[in-house]
Structure formats: C-alpha cells, structure tokens
$ cat target_35.pdb   # PDB, C-alpha atoms
ATOM      1  CA  MET A   1      -3.877 -10.673 -34.225
ATOM      2  CA  SER A   2      -5.053 -11.717 -37.628
ATOM      3  CA  GLY A   3      -1.993 -10.442 -39.426
ATOM      4  CA  HIS A   4       0.518 -13.053 -38.335
ATOM      5  CA  GLY A   5       0.676 -14.743 -41.703
ATOM      6  CA  LYS A   6       1.383 -11.512 -43.571
ATOM      7  CA  LYS A   7       3.930 -10.384 -41.038
ATOM      8  CA  PHE A   8       5.978 -13.529 -41.467
ATOM      9  CA  SER A   9       5.792 -13.344 -45.248
ATOM     10  CA  VAL A  10       7.601  -9.990 -45.150
ATOM     11  CA  HIS A  11      10.797 -11.831 -44.335
ATOM     12  CA  THR A  12      10.678 -13.974 -47.444
ATOM     13  CA  ALA A  13      13.529 -12.560 -49.411
ATOM     14  CA  GLY A  14      12.164 -13.516 -52.760
ATOM     15  CA  GLY A  15      13.166 -16.742 -54.395
ATOM     16  CA  GLU A  16      11.131 -19.883 -54.420
ATOM     17  CA  GLU A  17      12.008 -21.149 -50.966
ATOM     18  CA  GLU A  18       9.262 -21.271 -48.363
ATOM     19  CA  PRO A  19      10.126 -19.251 -45.226
ATOM     20  CA  GLU A  20      11.020 -21.582 -42.384
ATOM     21  CA  PHE A  21       8.973 -20.346 -39.482
ATOM     22  CA  GLN A  22       9.623 -22.436 -36.367
ATOM     23  CA  VAL A  23       6.224 -22.900 -34.772
ATOM     24  CA  ALA A  24       7.224 -25.518 -32.228
ATOM     25  CA  PRO A  25       9.629 -23.375 -30.117
ATOM     26  CA  MET A  26       7.201 -20.452 -30.092
ATOM     27  CA  VAL A  27       4.342 -22.649 -28.963
ATOM     28  CA  ASP A  28       6.647 -24.142 -26.328
ATOM     29  CA  VAL A  29       7.442 -20.701 -24.909
ATOM     30  CA  LEU A  30       3.788 -19.683 -24.947
ATOM     31  CA  LEU A  31       2.758 -22.885 -23.231
ATOM     32  CA  VAL A  32       5.388 -22.397 -20.541
ATOM     33  CA  LEU A  33       4.149 -18.840 -19.923
ATOM     34  CA  LEU A  34       0.582 -20.091 -19.858
ATOM     35  CA  MET A  35       1.486 -22.814 -17.365
ATOM     36  CA  PHE A  36       3.289 -20.268 -15.171
ATOM     37  CA  PHE A  37       0.351 -17.893 -14.981
ATOM     38  CA  THR A  38      -2.131 -20.718 -14.545
ATOM     39  CA  ALA A  39      -0.102 -22.067 -11.637
ATOM     40  CA  THR A  40       0.391 -18.706  -9.914
ATOM     41  CA  THR A  41      -3.293 -17.785 -10.083
ATOM     42  CA  THR A  42      -4.409 -20.993  -8.446
ATOM     43  CA  THR A  43      -1.935 -21.161  -5.560
ATOM     44  CA  GLU A  44      -2.158 -19.172  -2.350
ATOM     45  CA  ILE A  45      -5.629 -17.879  -3.049
ATOM     46  CA  LYS A  46      -7.502 -17.566   0.195
ATOM     47  CA  SER A  47      -9.402 -20.582   1.335
ATOM     48  CA  GLN A  48     -13.075 -19.832   0.991
ATOM     49  CA  ILE A  49     -15.676 -20.581   3.595
ATOM     50  CA  ALA A  50     -19.241 -19.805   2.625
ATOM     51  CA  ASP A  51     -20.285 -17.836   5.702
ATOM     52  CA  LEU A  52     -16.973 -16.153   6.469
ATOM     53  CA  THR A  53     -15.439 -13.071   4.831
ATOM     54  CA  LEU A  54     -12.041 -12.125   6.199
ATOM     55  CA  PRO A  55     -11.217  -8.467   6.926
ATOM     56  CA  ASP A  56      -8.919  -6.613   4.595
ATOM     57  CA  ALA A  57      -5.444  -5.407   5.652
ATOM     58  CA  GLN A  58      -3.021  -4.333   2.931
ATOM     59  CA  ASP A  59       0.060  -4.189   5.203
ATOM     60  CA  ALA A  60      -0.366  -7.672   6.622
ATOM     61  CA  LYS A  61       2.423 -10.222   6.369
ATOM     62  CA  ASP A  62       2.227 -13.269   4.137
ATOM     63  CA  ARG A  63       1.114 -16.394   5.932
ATOM     64  CA  GLU A  64       3.775 -18.383   7.679
ATOM     65  CA  LYS A  65       3.748 -22.128   8.008
ATOM     66  CA  GLY A  66       4.596 -22.650  11.662
ATOM     67  CA  GLU A  67       5.153 -25.995  13.342
ATOM     68  CA  GLY A  68       2.090 -25.838  15.532
ATOM     69  CA  GLN A  69      -1.066 -23.973  14.720
ATOM     70  CA  PHE A  70      -4.636 -24.043  15.970
ATOM     71  CA  VAL A  71      -7.091 -22.457  13.543
ATOM     72  CA  VAL A  72     -10.360 -21.030  14.875
ATOM     73  CA  ASN A  73     -13.075 -19.900  12.479
ATOM     74  CA  ILE A  74     -15.703 -17.417  13.653
ATOM     75  CA  ASN A  75     -18.508 -17.331  11.129
ATOM     76  CA  ARG A  76     -20.905 -14.509  10.268
ATOM     77  CA  LEU A  77     -23.310 -15.596  13.014
ATOM     78  CA  GLY A  78     -20.542 -15.566  15.612
ATOM     79  CA  GLY A  79     -20.243 -19.337  15.965
ATOM     80  CA  LEU A  80     -16.835 -20.635  17.031
ATOM     81  CA  GLU A  81     -15.406 -23.680  15.302
ATOM     82  CA  GLN A  82     -12.114 -25.457  15.089
ATOM     83  CA  ALA A  83     -11.035 -25.632  11.443
ATOM     84  CA  GLY A  84     -11.864 -29.144  10.287
ATOM     85  CA  GLY A  85     -13.188 -30.008  13.718
ATOM     86  CA  GLN A  86     -15.940 -29.238  16.180
ATOM     87  CA  SER A  87     -18.287 -26.291  15.825
ATOM     88  CA  GLY A  88     -20.460 -24.372  18.278
ATOM     89  CA  LEU A  89     -17.650 -24.219  20.818
ATOM     90  CA  THR A  90     -17.787 -22.333  24.109
ATOM     91  CA  GLU A  91     -14.800 -20.450  25.541
ATOM     92  CA  ALA A  92     -14.030 -23.260  27.994
ATOM     93  CA  ALA A  93     -14.313 -25.986  25.360
ATOM     94  CA  LEU A  94     -12.142 -24.010  22.957
ATOM     95  CA  SER A  95      -9.547 -23.436  25.651
ATOM     96  CA  GLN A  96      -9.448 -27.163  26.387
ATOM     97  CA  LEU A  97      -8.989 -28.002  22.702
ATOM     98  CA  ILE A  98      -6.193 -25.456  22.282
ATOM     99  CA  LYS A  99      -4.459 -26.695  25.412
ATOM    100  CA  LYS A 100      -4.666 -30.326  24.287
ATOM    101  CA  ASP A 101      -3.296 -29.504  20.844
ATOM    102  CA  TYR A 102      -0.583 -27.255  22.313
ATOM    103  CA  GLU A 103       0.540 -29.969  24.720
ATOM    104  CA  SER A 104       0.657 -32.635  22.031
ATOM    105  CA  THR A 105       2.761 -30.332  19.845
ATOM    106  CA  ARG A 106       5.106 -29.590  22.750
ATOM    107  CA  LYS A 107       5.480 -33.317  23.437
ATOM    108  CA  LEU A 108       6.794 -33.916  19.948
ATOM    109  CA  ASN A 109       9.065 -30.886  19.983
ATOM    110  CA  PRO A 110       9.430 -28.827  23.181
ATOM    111  CA  ASN A 111      10.856 -25.881  21.230
ATOM    112  CA  ALA A 112       8.157 -25.848  18.571
ATOM    113  CA  SER A 113       6.560 -22.517  17.825
ATOM    114  CA  TYR A 114       2.824 -22.547  18.419
ATOM    115  CA  ARG A 115       0.130 -20.062  17.604
ATOM    116  CA  VAL A 116      -3.601 -19.603  17.428
ATOM    117  CA  LEU A 117      -4.882 -18.319  14.079
ATOM    118  CA  VAL A 118      -8.190 -16.453  14.296
ATOM    119  CA  ARG A 119     -10.234 -16.358  11.088
ATOM    120  CA  ALA A 120     -13.177 -14.135  11.959
ATOM    121  CA  ASP A 121     -15.813 -12.549   9.739
ATOM    122  CA  LYS A 122     -15.194  -8.851   9.097
ATOM    123  CA  ASP A 123     -18.746  -7.815  10.005
ATOM    124  CA  LEU A 124     -18.609  -9.210  13.516
ATOM    125  CA  GLY A 125     -18.103  -7.250  16.708
ATOM    126  CA  TRP A 126     -14.900  -7.536  18.728
ATOM    127  CA  GLU A 127     -16.513  -9.558  21.545
ATOM    128  CA  LYS A 128     -16.371 -12.843  19.591
ATOM    129  CA  THR A 129     -12.660 -12.501  18.907
ATOM    130  CA  LYS A 130     -12.051 -11.536  22.517
ATOM    131  CA  VAL A 131     -13.426 -14.946  23.539
ATOM    132  CA  VAL A 132     -10.730 -16.634  21.430
ATOM    133  CA  LEU A 133      -8.004 -14.404  22.916
ATOM    134  CA  LYS A 134      -9.149 -15.325  26.412
ATOM    135  CA  ALA A 135      -9.288 -19.029  25.532
ATOM    136  CA  ALA A 136      -5.755 -18.868  24.099
ATOM    137  CA  ALA A 137      -4.489 -17.056  27.197
ATOM    138  CA  THR A 138      -6.121 -19.652  29.480
ATOM    139  CA  ALA A 139      -4.517 -22.449  27.430
ATOM    140  CA  GLY A 140      -1.118 -20.769  27.839
ATOM    141  CA  VAL A 141      -0.647 -19.744  24.214
ATOM    142  CA  ALA A 142       0.699 -16.210  23.866
ATOM    143  CA  ASN A 143       1.009 -15.981  20.120
ATOM    144  CA  VAL A 144      -2.272 -15.107  18.427
ATOM    145  CA  VAL A 145      -2.531 -14.080  14.777
ATOM    146  CA  PHE A 146      -5.467 -12.696  12.853
ATOM    147  CA  ALA A 147      -6.166 -13.880   9.328
ATOM    148  CA  THR A 148      -6.809 -11.110   6.809
ATOM    149  CA  THR A 149      -6.844 -10.745   3.061
ATOM    150  CA  LYS A 150      -4.631  -8.566   0.954
ATOM    151  CA  GLY A 151      -4.262  -7.800  -2.690
ATOM    152  CA  GLY A 152      -7.101  -7.779  -5.200
ATOM    153  CA  LYS A 153      -6.823  -4.067  -5.933
ATOM    154  CA  GLY A 154      -4.771  -4.359  -9.094
TER
ATOM    155  CA  MET B 155      -7.029 -36.839 -44.970
ATOM    156  CA  ALA B 156      -9.629 -35.250 -42.857
ATOM    157  CA  GLY B 157      -8.813 -31.677 -42.169
ATOM    158  CA  GLY B 158      -7.705 -31.098 -45.668
ATOM    159  CA  GLY B 159      -4.525 -29.730 -47.010
ATOM    160  CA  SER B 160      -2.751 -29.323 -50.236
ATOM    161  CA  SER B 161      -2.205 -32.201 -52.570
ATOM    162  CA  ASP B 162       1.478 -32.595 -51.638
ATOM    163  CA  GLY B 163       0.592 -33.642 -48.079
ATOM    164  CA  ASP B 164       1.162 -30.236 -46.445
ATOM    165  CA  TYR B 165      -1.463 -29.784 -43.761
ATOM    166  CA  GLY B 166      -1.275 -26.009 -43.699
ATOM    167  CA  LEU B 167      -1.606 -25.678 -39.919
ATOM    168  CA  GLN B 168      -3.489 -22.509 -39.068
ATOM    169  CA  ILE B 169      -1.076 -20.768 -36.713
ATOM    170  CA  ALA B 170      -2.859 -17.422 -36.463
ATOM    171  CA  PRO B 171      -6.053 -18.645 -34.724
ATOM    172  CA  MET B 172      -4.019 -20.870 -32.443
ATOM    173  CA  LEU B 173      -1.775 -17.985 -31.427
ATOM    174  CA  ASP B 174      -4.844 -15.790 -30.950
ATOM    175  CA  VAL B 175      -6.322 -18.266 -28.504
ATOM    176  CA  MET B 176      -3.031 -18.677 -26.661
ATOM    177  CA  PHE B 177      -2.490 -14.934 -26.351
ATOM    178  CA  VAL B 178      -6.022 -14.461 -25.049
ATOM    179  CA  LEU B 179      -5.468 -17.203 -22.457
ATOM    180  CA  LEU B 180      -2.103 -15.689 -21.531
ATOM    181  CA  LEU B 181      -3.626 -12.247 -21.112
ATOM    182  CA  PHE B 182      -6.466 -13.659 -19.022
ATOM    183  CA  PHE B 183      -4.110 -15.387 -16.606
ATOM    184  CA  MET B 184      -1.761 -12.373 -16.432
ATOM    185  CA  VAL B 185      -4.649 -10.102 -15.465
ATOM    186  CA  MET B 186      -6.035 -12.618 -12.993
ATOM    187  CA  ALA B 187      -2.597 -13.007 -11.381
ATOM    188  CA  GLY B 188      -2.662  -9.304 -10.476
ATOM    189  CA  LYS B 189      -6.144  -9.443  -9.037
ATOM    190  CA  GLN B 190      -5.811 -12.457  -6.817
ATOM    191  CA  VAL B 191      -6.604 -12.100  -3.132
ATOM    192  CA  LYS B 192      -4.150 -13.722  -0.765
ATOM    193  CA  GLU B 193      -4.682 -14.700   2.815
ATOM    194  CA  ALA B 194      -2.302 -12.859   5.128
ATOM    195  CA  GLU B 195      -1.943 -12.362   8.868
ATOM    196  CA  LEU B 196      -1.443  -9.801  11.622
ATOM    197  CA  GLY B 197       0.090 -11.046  14.850
ATOM    198  CA  VAL B 198      -0.156  -9.992  18.483
ATOM    199  CA  GLN B 199       0.886 -11.260  21.897
ATOM    200  CA  VAL B 200      -1.901 -12.095  24.317
ATOM    201  CA  PRO B 201      -1.189 -10.353  27.615
ATOM    202  CA  GLY B 202      -2.609 -13.028  29.911
ATOM    203  CA  ALA B 203      -0.286 -15.760  28.743
ATOM    204  CA  SER B 204       2.917 -13.883  28.073
ATOM    205  CA  LYS B 205       5.366 -13.112  30.829
ATOM    206  CA  ALA B 206       4.588  -9.851  32.501
ATOM    207  CA  VAL B 207       7.056  -7.318  31.206
ATOM    208  CA  SER B 208       7.071  -3.929  32.792
ATOM    209  CA  THR B 209       7.827  -1.146  30.389
ATOM    210  CA  ALA B 210       9.600   1.928  31.608
ATOM    211  CA  LYS B 211       7.689   4.226  29.285
ATOM    212  CA  THR B 212       4.010   4.948  29.565
ATOM    213  CA  PRO B 213       2.166   2.799  27.052
ATOM    214  CA  VAL B 214       0.038   4.396  24.379
ATOM    215  CA  THR B 215      -3.601   3.370  24.504
ATOM    216  CA  LEU B 216      -5.623   3.048  21.332
ATOM    217  CA  ARG B 217      -9.353   2.733  21.932
ATOM    218  CA  VAL B 218     -11.829   1.554  19.331
ATOM    219  CA  GLY B 219     -15.390   2.650  19.983
ATOM    220  CA  GLU B 220     -18.553   0.816  19.049
ATOM    221  CA  ASN B 221     -19.135   3.192  16.145
ATOM    222  CA  GLY B 222     -15.616   2.634  14.825
ATOM    223  CA  VAL B 223     -14.079   5.836  16.195
ATOM    224  CA  VAL B 224     -10.418   5.306  17.094
ATOM    225  CA  SER B 225      -8.794   7.391  19.799
ATOM    226  CA  PHE B 226      -5.108   7.812  20.521
ATOM    227  CA  ASN B 227      -4.666   8.338  24.261
ATOM    228  CA  ASP B 228      -8.314   9.477  24.437
ATOM    229  CA  SER B 229      -8.090  11.973  21.564
ATOM    230  CA  PRO B 230      -9.952  10.816  18.414
ATOM    231  CA  VAL B 231      -7.866  10.290  15.272
ATOM    232  CA  ASP B 232      -8.997   9.810  11.671
ATOM    233  CA  SER B 233     -12.560   9.638  10.507
ATOM    234  CA  ARG B 234     -14.556   6.440  10.725
ATOM    235  CA  ASP B 235     -14.495   5.919   6.977
ATOM    236  CA  ASP B 236     -10.747   6.362   6.644
ATOM    237  CA  ARG B 237      -9.490   2.807   6.298
ATOM    238  CA  GLU B 238      -5.828   3.756   5.797
ATOM    239  CA  MET B 239      -5.708   5.798   9.042
ATOM    240  CA  PRO B 240      -2.955   8.243   7.945
ATOM    241  CA  LYS B 241      -2.983  10.370  11.111
ATOM    242  CA  LEU B 242      -2.726   7.370  13.423
ATOM    243  CA  LEU B 243       0.005   5.901  11.244
ATOM    244  CA  ALA B 244       1.992   9.164  11.346
ATOM    245  CA  LYS B 245       1.666   9.378  15.142
ATOM    246  CA  LEU B 246       2.715   5.763  15.615
ATOM    247  CA  LYS B 247       5.660   6.143  13.245
ATOM    248  CA  ALA B 248       6.866   9.200  15.157
ATOM    249  CA  LEU B 249       6.546   7.283  18.430
ATOM    250  CA  VAL B 250       8.467   4.263  17.148
ATOM    251  CA  GLU B 251      11.188   6.498  15.728
ATOM    252  CA  ALA B 252      11.608   8.219  19.077
ATOM    253  CA  SER B 253      11.522   4.999  21.047
ATOM    254  CA  PRO B 254      11.560   1.663  19.150
ATOM    255  CA  ASP B 255      10.304  -0.388  22.101
ATOM    256  CA  GLN B 256       7.317   1.832  22.791
ATOM    257  CA  SER B 257       4.410  -0.318  23.941
ATOM    258  CA  VAL B 258       0.958   0.123  22.483
ATOM    259  CA  ILE B 259      -2.224  -1.250  24.021
ATOM    260  CA  ILE B 260      -5.326  -1.665  21.888
ATOM    261  CA  ARG B 261      -8.547  -1.532  23.888
ATOM    262  CA  PRO B 262     -11.542  -2.204  21.661
ATOM    263  CA  LYS B 263     -15.072  -2.038  23.025
ATOM    264  CA  ASP B 264     -16.932  -5.349  22.894
ATOM    265  CA  SER B 265     -19.198  -4.070  20.168
ATOM    266  CA  ALA B 266     -16.411  -2.412  18.156
ATOM    267  CA  PRO B 267     -16.385  -3.517  14.502
ATOM    268  CA  TYR B 268     -13.811  -6.261  13.927
ATOM    269  CA  GLN B 269     -12.708  -4.701  10.624
ATOM    270  CA  ARG B 270     -11.875  -1.468  12.491
ATOM    271  CA  VAL B 271      -9.740  -3.323  15.025
ATOM    272  CA  ILE B 272      -7.916  -4.957  12.118
ATOM    273  CA  ASP B 273      -7.422  -1.478  10.569
ATOM    274  CA  VAL B 274      -5.756  -0.339  13.806
ATOM    275  CA  LEU B 275      -3.615  -3.493  13.928
ATOM    276  CA  ASN B 276      -2.700  -2.899  10.289
ATOM    277  CA  ALA B 277      -1.570   0.656  11.087
ATOM    278  CA  CYS B 278       0.491  -0.645  14.024
ATOM    279  CA  GLY B 279       2.070  -3.237  11.735
ATOM    280  CA  ALA B 280       2.844  -0.606   9.098
ATOM    281  CA  ALA B 281       4.433   1.629  11.758
ATOM    282  CA  ARG B 282       6.497  -1.377  12.949
ATOM    283  CA  VAL B 283       5.246  -1.293  16.522
ATOM    284  CA  LYS B 284       7.020  -4.183  18.239
ATOM    285  CA  ASN B 285       5.412  -4.110  21.642
ATOM    286  CA  LEU B 286       1.728  -4.495  20.924
ATOM    287  CA  THR B 287      -0.949  -6.000  23.094
ATOM    288  CA  PHE B 288      -4.683  -6.073  23.757
ATOM    289  CA  GLY B 289      -6.386  -4.757  26.847
ATOM    290  CA  GLY B 290      -9.878  -5.313  28.137
TER
END
$ encode --input "target_35.pdb" --output "structure tokens"
Amino acid sequence: MSGHGKKFSVHTAGGEEEPEFQVAPMVDVLLVLLMFFTATTTTEIKSQIADLTLPDAQDAKDREKGEGQFVVNINRLGGLEQAGGQSGLTEAALSQLIKKDYESTRKLNPNASYRVLVRADKDLGWEKTKVVLKAAATAGVANVVFATTKGGKG
Amino acid sequence: MAGGGSSDGDYGLQIAPMLDVMFVLLLFFMVMAGKQVKEAELGVQVPGASKAVSTAKTPVTLRVGENGVVSFNDSPVDSRDDREMPKLLAKLKALVEASPDQSVIIRPKDSAPYQRVIDVLNACGAARVKNLTFGG
C-alpha cells in the first residue's frame, strides 16, 4: 500500500511536467463503494433480542413483508410475548390477541394475507411453540411461519 | 498555512495514507457483508384452522423424539448430530419427485428440541414439500 506514489511516478514520461493524477474521481469511486458496503452490512441484519437466539436454517426463505402479521416471541425461559406488546401471555390470551388483530386486518382489507410469525429460542422444547400453533388455530389463522437465521458461514 | 506545504502554495496532499485507510475500510465492510446473519422464515399450515383436505395418498409421518432422533414412518433417519439431514432430504426428494402433492406430517414430541424440528422443516423446504403440516 505504501508504494502508490512511486507507482504513479512511473508514468511520468520525462520532461518537466508534473503528472496529472486525478485524485477526486478515484476518491469518489472509493467512497461510493464504501457507502455501498456500509449500507448492505447494516440492513436486514436480524433484529436482536437479548434473551432470544433464533434457530439456524440455511434453506429458509428470505422474510416477506405481508399485509398482516402477528409476531410472537418465545424467550429462553419459555415466556410468550407479543412483539412490542404484552408479555407473559397464556394460550387463551394469545389466541384472543391474534384473533383481535386478525379481525382488524380483515376489516381494512378482507383479502389481506395474514400470518403468525413465531420467533422462538433455539434451545427450547417444542411444547412452547405448540402453544402458539394451537392459539393461531383457535384464532382461525392457518398460516404460521417460523423465524430462523441464515448466512454467517462465509 | 498550518499543515505545511511547499513555498508555491502546493499542499502536497498525502494520498497514500488516505487510500490505505479507505482500502482497509472497504475490505472490512466487504468481509462483513459476507458474514452477516439474516433473519429468514420457514412456513407451515396449521391443521386446525385450514380447511380439511383429504389426501388420496397415505401421508408420510416424520417424528422428532425428545433426544432429537428423527424417524421417517417410524424408521430412524440420520444421526442426531447431523444438522443437514442428507438421508431424510434424499427420501423426501424422491417422494416429491414421484408425487408432487405428497403430504408430510411432522409430529414432534413435546420435549423435542426446537432446533431439531426446524432442521426437519428445513429439509422439507429444501425438498420442496408442498403439503406440510403438524400433528400432535
């Protein structure tokens, strides 16, 4: 890296004229590349929750942005919580919340797609996730998706 | 002027250190871009809420035991530590090739590890199983 100056001086074809090296366009290109990589590393990185580590699935699909979505977090201790809402939910309470949200989405657009997104800790047993599946079924929502992580092996 | 320069007003901008820093930053972000972890999803239809659809073919049952052992129609496949599940994937792919609308039921035990259930779902997704559901 330290040999840039010498490298450029090779092109001076004698004479007394100073070589005209255009720094500005090169810096522009580098800055654009830098901006690109800075932007791509900060977008779409998984949202972190302190007591929740998502399971890993390399063949999972990229996340879709549906019209209606109810996100349930199940933390390491098995506690159910609505993302950005109530925590310590029971199956019945969760079912009620899903149903309410589902109905309000359907009121706005009867053809809206709706789904329940389960974000459960990878070290949990299946029983906690089963509770969410049952709650979704009771609320009349058939589409359930499981949040996973992918990538990070490069 | 502060910063110095030659007497004829030429600042003598030090390009080499600047480029060094920029290349290091560029390299850092390029490497980090490859290592980033993205949030993805695996979908399934809940049987209780969806319309009951009777399938002509016998569904395949995948059981996940409490110790993480996965069985395909009651015969164990792949070792517990095998996250990629190549044998299960091969069986599912063969099934889907023979009959694209083959239904698969996943029946995990209550105490089955969640990561293992996701591994099974991942294999089903990779094999493009369309008719997938959970059983108690």
$ residues_around --input "target_35.pdb" --residues "Ser225 (chain B)" --least-positions-apart "2" --cutoff "12 Å" --atoms "all atoms listed in the file" --output "PyMOL selection string"
chain B and resi 214-223+227-234+239+241-242+245+259-263+270-271+274
$ resolve_selection --input "target_35.pdb" --expression "the ChimeraX specification (/A :<6) & /B" --output "short mmCIF file (atom, residue, chain, number, x, y, z; two decimals) with C-alpha atoms, in the coordinates of the input"
data_model
loop_
_atom_site.label_atom_id
_atom_site.label_comp_id
_atom_site.auth_asym_id
_atom_site.auth_seq_id
_atom_site.Cartn_x
_atom_site.Cartn_y
_atom_site.Cartn_z
CA ALA B 170 -2.86 -17.42 -36.46
CA LEU B 180 -2.10 -15.69 -21.53
CA PHE B 183 -4.11 -15.39 -16.61
CA ALA B 187 -2.60 -13.01 -11.38
CA GLY B 188 -2.66 -9.30 -10.48
CA LYS B 189 -6.14 -9.44 -9.04
CA GLN B 190 -5.81 -12.46 -6.82
CA VAL B 191 -6.60 -12.10 -3.13
CA LYS B 192 -4.15 -13.72 -0.76
CA GLU B 193 -4.68 -14.70 2.82
CA ALA B 194 -2.30 -12.86 5.13
CA GLU B 195 -1.94 -12.36 8.87
CA LEU B 196 -1.44 -9.80 11.62
CA GLY B 197 0.09 -11.05 14.85
CA VAL B 198 -0.16 -9.99 18.48
CA GLN B 199 0.89 -11.26 21.90
CA VAL B 200 -1.90 -12.10 24.32
CA GLY B 202 -2.61 -13.03 29.91
CA ALA B 203 -0.29 -15.76 28.74
CA SER B 204 2.92 -13.88 28.07
CA ASP B 264 -16.93 -5.35 22.89
CA SER B 265 -19.20 -4.07 20.17
CA ALA B 266 -16.41 -2.41 18.16
CA PRO B 267 -16.39 -3.52 14.50
CA TYR B 268 -13.81 -6.26 13.93
CA GLN B 269 -12.71 -4.70 10.62
CA ASN B 276 -2.70 -2.90 10.29
CA ALA B 280 2.84 -0.61 9.10
#
$ atom_distance --input "target_35.pdb" --atom1 "CA of Asn109 (chain A)" --atom2 "CA of Val72 (chain A)"
22.4 Å
$ atom_distance --input "target_35.pdb" --atom1 "CA of Ser257 (chain B)" --atom2 "CA of Leu286 (chain B)"
5.8 Å
$ residues_around --input "target_35.pdb" --residues "region 85-87 of chain A" --least-positions-apart "2" --cutoff "12 Å" --atoms "only C-alpha atoms" --output "VMD selection string"
chain A and resid 70 to 75 78 to 83 89 to 91 93 to 94 97 to 98
$ closest_residue --input "target_35.pdb" --among "A:Glu18, A:Arg76, A:Ala24, A:Gln69" --to "Tyr114 (chain A)" --atoms "all atoms listed in the file"
A:Gln69
$ closest_residue --input "target_35.pdb" --among "A:Val32, A:Leu52, A:Glu67, A:Glu20" --to "Asn111 (chain A)" --atoms "all atoms listed in the file"
A:Glu67
$ atom_distance --input "target_35.pdb" --atom1 "CA of Asp273 (chain B)" --atom2 "CA of Gly84 (chain A)"
28.0 Å
$ axis_aligned_box --input "target_35.pdb" --around "region 250-267 of chain B" --padding-each-side "6 Å" --output "JSON"
{"center_x": -3.8, "center_y": 1.4, "center_z": 19.3, "size_x": 42.8, "size_y": 25.6, "size_z": 21.5}
$ closest_residue --input "target_35.pdb" --among "B:Gln168, B:Leu181, B:Gln256, B:Glu238" --to "Pro213 (chain B)" --atoms "only C-alpha atoms"
B:Gln256
$ closest_residue --input "target_35.pdb" --among "B:Val250, B:Phe177, B:Asp236, B:Thr212" --to "Gly279 (chain B)" --atoms "only C-alpha atoms"
B:Val250
